[in-house]
file query-v3.pdb (PDB, C-alpha atoms)
MODEL        1
ATOM      1  CA  MET J 830      37.744 -19.461 -26.457
ATOM      2  CA  THR J 831      35.094 -20.293 -23.856
ATOM      3  CA  MET J 832      32.789 -23.247 -24.119
ATOM      4  CA  VAL J 833      29.091 -22.713 -23.476
ATOM      5  CA  ASP J 834      26.934 -25.563 -22.215
ATOM      6  CA  SER J 835      24.031 -25.534 -24.630
ATOM      7  CA  GLY J 836      22.553 -28.875 -23.606
ATOM      8  CA  PRO J 837      18.999 -29.176 -22.387
ATOM      9  CA  GLU J 838      18.329 -28.191 -18.813
ATOM     10  CA  PRO J 839      17.075 -30.961 -16.501
ATOM     11  CA  ARG J 840      13.325 -31.116 -16.014
ATOM     12  CA  LEU J 841      13.614 -30.680 -12.241
ATOM     13  CA  ALA J 842      15.579 -27.437 -12.703
ATOM     14  CA  ARG J 843      12.896 -26.089 -15.051
ATOM     15  CA  LEU J 844      10.177 -27.076 -12.587
ATOM     16  CA  TRP J 845      12.010 -25.428  -9.682
ATOM     17  CA  ARG J 846      12.534 -22.273 -11.735
ATOM     18  CA  GLY J 847       8.810 -22.218 -12.577
ATOM     19  CA  VAL J 848       7.708 -22.654  -8.977
ATOM     20  CA  SER J 849      10.038 -19.935  -7.708
ATOM     21  CA  GLY J 850       8.992 -17.666 -10.575
ATOM     22  CA  ALA J 851       5.332 -18.092  -9.680
ATOM     23  CA  LEU J 852       6.103 -17.240  -6.050
ATOM     24  CA  ALA J 853       8.095 -14.148  -7.082
ATOM     25  CA  VAL J 854       5.227 -12.918  -9.260
ATOM     26  CA  GLY J 855       2.782 -13.651  -6.442
ATOM     27  CA  LEU J 856       4.844 -11.590  -4.014
ATOM     28  CA  ALA J 857       5.013  -8.714  -6.500
ATOM     29  CA  LEU J 858       1.242  -8.778  -7.007
ATOM     30  CA  LEU J 859       0.658  -8.982  -3.271
ATOM     31  CA  ALA J 860       2.918  -5.957  -2.731
ATOM     32  CA  LEU J 861       1.005  -3.993  -5.378
ATOM     33  CA  ALA J 862      -2.286  -4.983  -3.722
ATOM     34  CA  MET J 863      -1.000  -3.816  -0.355
ATOM     35  CA  ILE J 864      -0.004  -0.463  -1.865
ATOM     36  CA  GLY J 865      -3.499  -0.158  -3.340
ATOM     37  CA  VAL J 866      -5.162  -0.991  -0.035
ATOM     38  CA  GLN J 867      -3.008   1.551   1.809
ATOM     39  CA  VAL J 868      -3.792   4.282  -0.736
ATOM     40  CA  TYR J 869      -7.519   3.447  -0.577
ATOM     41  CA  ALA J 870      -7.492   3.470   3.223
ATOM     42  CA  GLY J 871      -5.555   6.735   3.349
ATOM     43  CA  ALA J 872      -7.970   8.427   0.948
ATOM     44  CA  ARG J 873     -10.924   7.426   3.128
ATOM     45  CA  ASP J 874      -9.294   8.171   6.476
ATOM     46  CA  LEU J 875      -9.135   4.487   7.439
ATOM     47  CA  PRO J 876      -6.185   2.876   9.237
ATOM     48  CA  GLY J 877      -5.103   0.485   6.444
ATOM     49  CA  PRO J 878      -2.310  -2.062   6.830
ATOM     50  CA  GLY J 879       0.347   0.507   7.749
ATOM     51  CA  LEU J 880       3.435   1.759   6.003
ATOM     52  CA  ASP J 881       5.697  -0.780   7.726
ATOM     53  CA  VAL J 882       3.633  -3.680   6.391
ATOM     54  CA  VAL J 883       3.487  -2.175   2.903
ATOM     55  CA  ALA J 884       7.248  -1.542   2.944
ATOM     56  CA  GLY J 885       7.908  -5.093   4.141
ATOM     57  CA  HIS J 886       5.888  -6.506   1.274
ATOM     58  CA  GLY J 887       7.662  -4.208  -1.186
ATOM     59  CA  VAL J 888      11.155  -5.114  -0.007
ATOM     60  CA  ALA J 889      10.356  -8.836  -0.085
ATOM     61  CA  ALA J 890       8.861  -8.548  -3.575
ATOM     62  CA  VAL J 891      11.846  -6.644  -4.989
ATOM     63  CA  ALA J 892      14.305  -9.101  -3.433
ATOM     64  CA  ALA J 893      12.334 -12.077  -4.770
ATOM     65  CA  VAL J 894      12.126 -10.656  -8.294
ATOM     66  CA  VAL J 895      15.863  -9.879  -8.313
ATOM     67  CA  ALA J 896      16.645 -13.405  -7.113
ATOM     68  CA  GLN J 897      14.364 -14.846  -9.789
ATOM     69  CA  VAL J 898      15.990 -12.786 -12.543
ATOM     70  CA  VAL J 899      19.381 -14.105 -11.439
ATOM     71  CA  ALA J 900      17.992 -17.655 -11.425
ATOM     72  CA  ASP J 901      16.538 -17.187 -14.904
ATOM     73  CA  ARG J 902      19.870 -16.059 -16.321
ATOM     74  CA  ARG J 903      22.104 -18.694 -14.729
ATOM     75  CA  ARG J 904      22.403 -22.457 -14.562
ATOM     76  CA  GLY J 905      23.472 -24.986 -11.980
ATOM     77  CA  TRP J 906      23.496 -24.476  -8.232
ATOM     78  CA  VAL J 907      22.710 -20.749  -8.559
ATOM     79  CA  VAL J 908      19.231 -21.649  -9.823
ATOM     80  CA  ALA J 909      18.609 -23.813  -6.763
ATOM     81  CA  LEU J 910      19.986 -21.221  -4.347
ATOM     82  CA  CYS J 911      18.046 -18.297  -5.818
ATOM     83  CA  GLY J 912      14.882 -20.390  -5.968
ATOM     84  CA  LEU J 913      15.319 -21.293  -2.319
ATOM     85  CA  LEU J 914      15.738 -17.604  -1.484
ATOM     86  CA  VAL J 915      12.455 -16.806  -3.262
ATOM     87  CA  VAL J 916      10.658 -19.568  -1.346
ATOM     88  CA  LEU J 917      12.091 -18.315   1.954
ATOM     89  CA  LEU J 918      11.104 -14.727   1.185
ATOM     90  CA  ALA J 919       7.546 -15.761   0.301
ATOM     91  CA  THR J 920       7.259 -17.914   3.415
ATOM     92  CA  ALA J 921       8.656 -15.210   5.699
ATOM     93  CA  THR J 922       6.386 -12.545   4.202
ATOM     94  CA  LEU J 923       3.290 -14.654   4.643
ATOM     95  CA  TRP J 924       4.313 -15.720   8.130
ATOM     96  CA  PHE J 925       5.217 -12.326   9.565
ATOM     97  CA  PHE J 926       2.562 -10.197   7.874
ATOM     98  CA  TRP J 927      -0.388 -12.568   7.529
ATOM     99  CA  TRP J 928      -0.227 -15.547   9.891
ATOM    100  CA  ALA J 929       1.757 -14.517  12.962
TER
ENDMDL
END

call {"tool": "encode", "arguments": {"input": "query-v3.pdb", "output": "structure tokens"}}
result
Amino acid sequence: MTMVDSGPEPRLARLWRGVSGALAVGLALLALAMIGVQVYAGARDLPGPGLDVVAGHGVAAVAAVVAQVVADRRRGWVVALCGLLVVLLATATLWFFWWA
């Protein structure tokens, strides 16, 4: 018989999960917006952001959502690690494709 920890989760863990979840959703929406901009630009014979930029946003968004799903289904250090991965993915995406 396995024991399941059904106690309440610490408030900091819930907050961290919420912050990383918001960043994962933001990355997914940003990737969808980039796809829309590329399609619009292609239909009007404009340069657009480029397929490499759109693909980079898509890969980062998928990785962030997968990490967030894992964080949502687990407890303990996995939540912190997956949340950190989401933050790093969001930061890297914004840095390389928007600020640098």

call {"tool": "atom_distance", "arguments": {"input": "query-v3.pdb", "atom1": "CA of Ala893 (chain J)", "atom2": "CA of Ala853 (chain J)"}}
result
5.3 Å

call {"tool": "atom_distance", "arguments": {"input": "query-v3.pdb", "atom1": "CA of Trp927 (chain J)", "atom2": "CA of Leu910 (chain J)"}}
result
25.1 Å

call {"tool": "residues_near_point", "arguments": {"input": "query-v3.pdb", "point": "(13.8, -11.4, -0.5)", "cutoff": "10 Å", "atoms": "all atoms listed in the file", "output": "list in words"}}
result
Ala853, Leu856, Gly885, His886, Gly887, Val888, Ala889, Ala890, Val891, Ala892, Ala893, Val894, Val895, Ala896, Gln897, Cys911, Leu914, Val915, Val916, Leu917, Leu918, Ala919, Ala921 and Thr922 of chain J

call {"tool": "residues_around", "arguments": {"input": "query-v3.pdb", "residues": "Ala900 (chain J)", "least_positions_apart": "4", "cutoff": "8 Å", "atoms": "only C-alpha atoms", "output": "ChimeraX atom specification"}}
result
/J:846,896,904,907-909,911-912

call {"tool": "closest_residue", "arguments": {"input": "query-v3.pdb", "among": "J:Gln867, J:Val854, J:Gly905, J:Ala862", "to": "Ala842 (chain J)", "atoms": "all atoms listed in the file"}}
result
J:Gly905

call {"tool": "atom_distance", "arguments": {"input": "query-v3.pdb", "atom1": "CA of Val883 (chain J)", "atom2": "CA of Val868 (chain J)"}}
result
10.4 Å

call {"tool": "residues_around", "arguments": {"input": "query-v3.pdb", "residues": "Pro878 (chain J)", "least_positions_apart": "3", "cutoff": "9 Å", "atoms": "all atoms listed in the file", "output": "number ranges by chain"}}
result
J: 863, 866-867, 870, 881-883

call {"tool": "write_last_selection", "arguments": {"input": "query-v3.pdb", "atoms": "C-alpha atoms", "output": "compact mmCIF listing (two decimals), keeping the file's coordinate frame"}}
result
# COMPACT_ATOMS: atom_id res chain seq x y z
CA MET J 863 -1.00 -3.82 -0.36
CA VAL J 866 -5.16 -0.99 -0.04
CA GLN J 867 -3.01 1.55 1.81
CA ALA J 870 -7.49 3.47 3.22
CA ASP J 881 5.70 -0.78 7.73
CA VAL J 882 3.63 -3.68 6.39
CA VAL J 883 3.49 -2.17 2.90

call {"tool": "axis_aligned_box", "arguments": {"input": "query-v3.pdb", "around": "region 869-879 of chain J", "padding_each_side": "4 Å", "output": "lines of an AutoDock Vina configuration file"}}
result
center_x = -5.3
center_y = 3.2
center_z = 4.3
size_x = 19.3
size_y = 18.5
size_z = 17.8
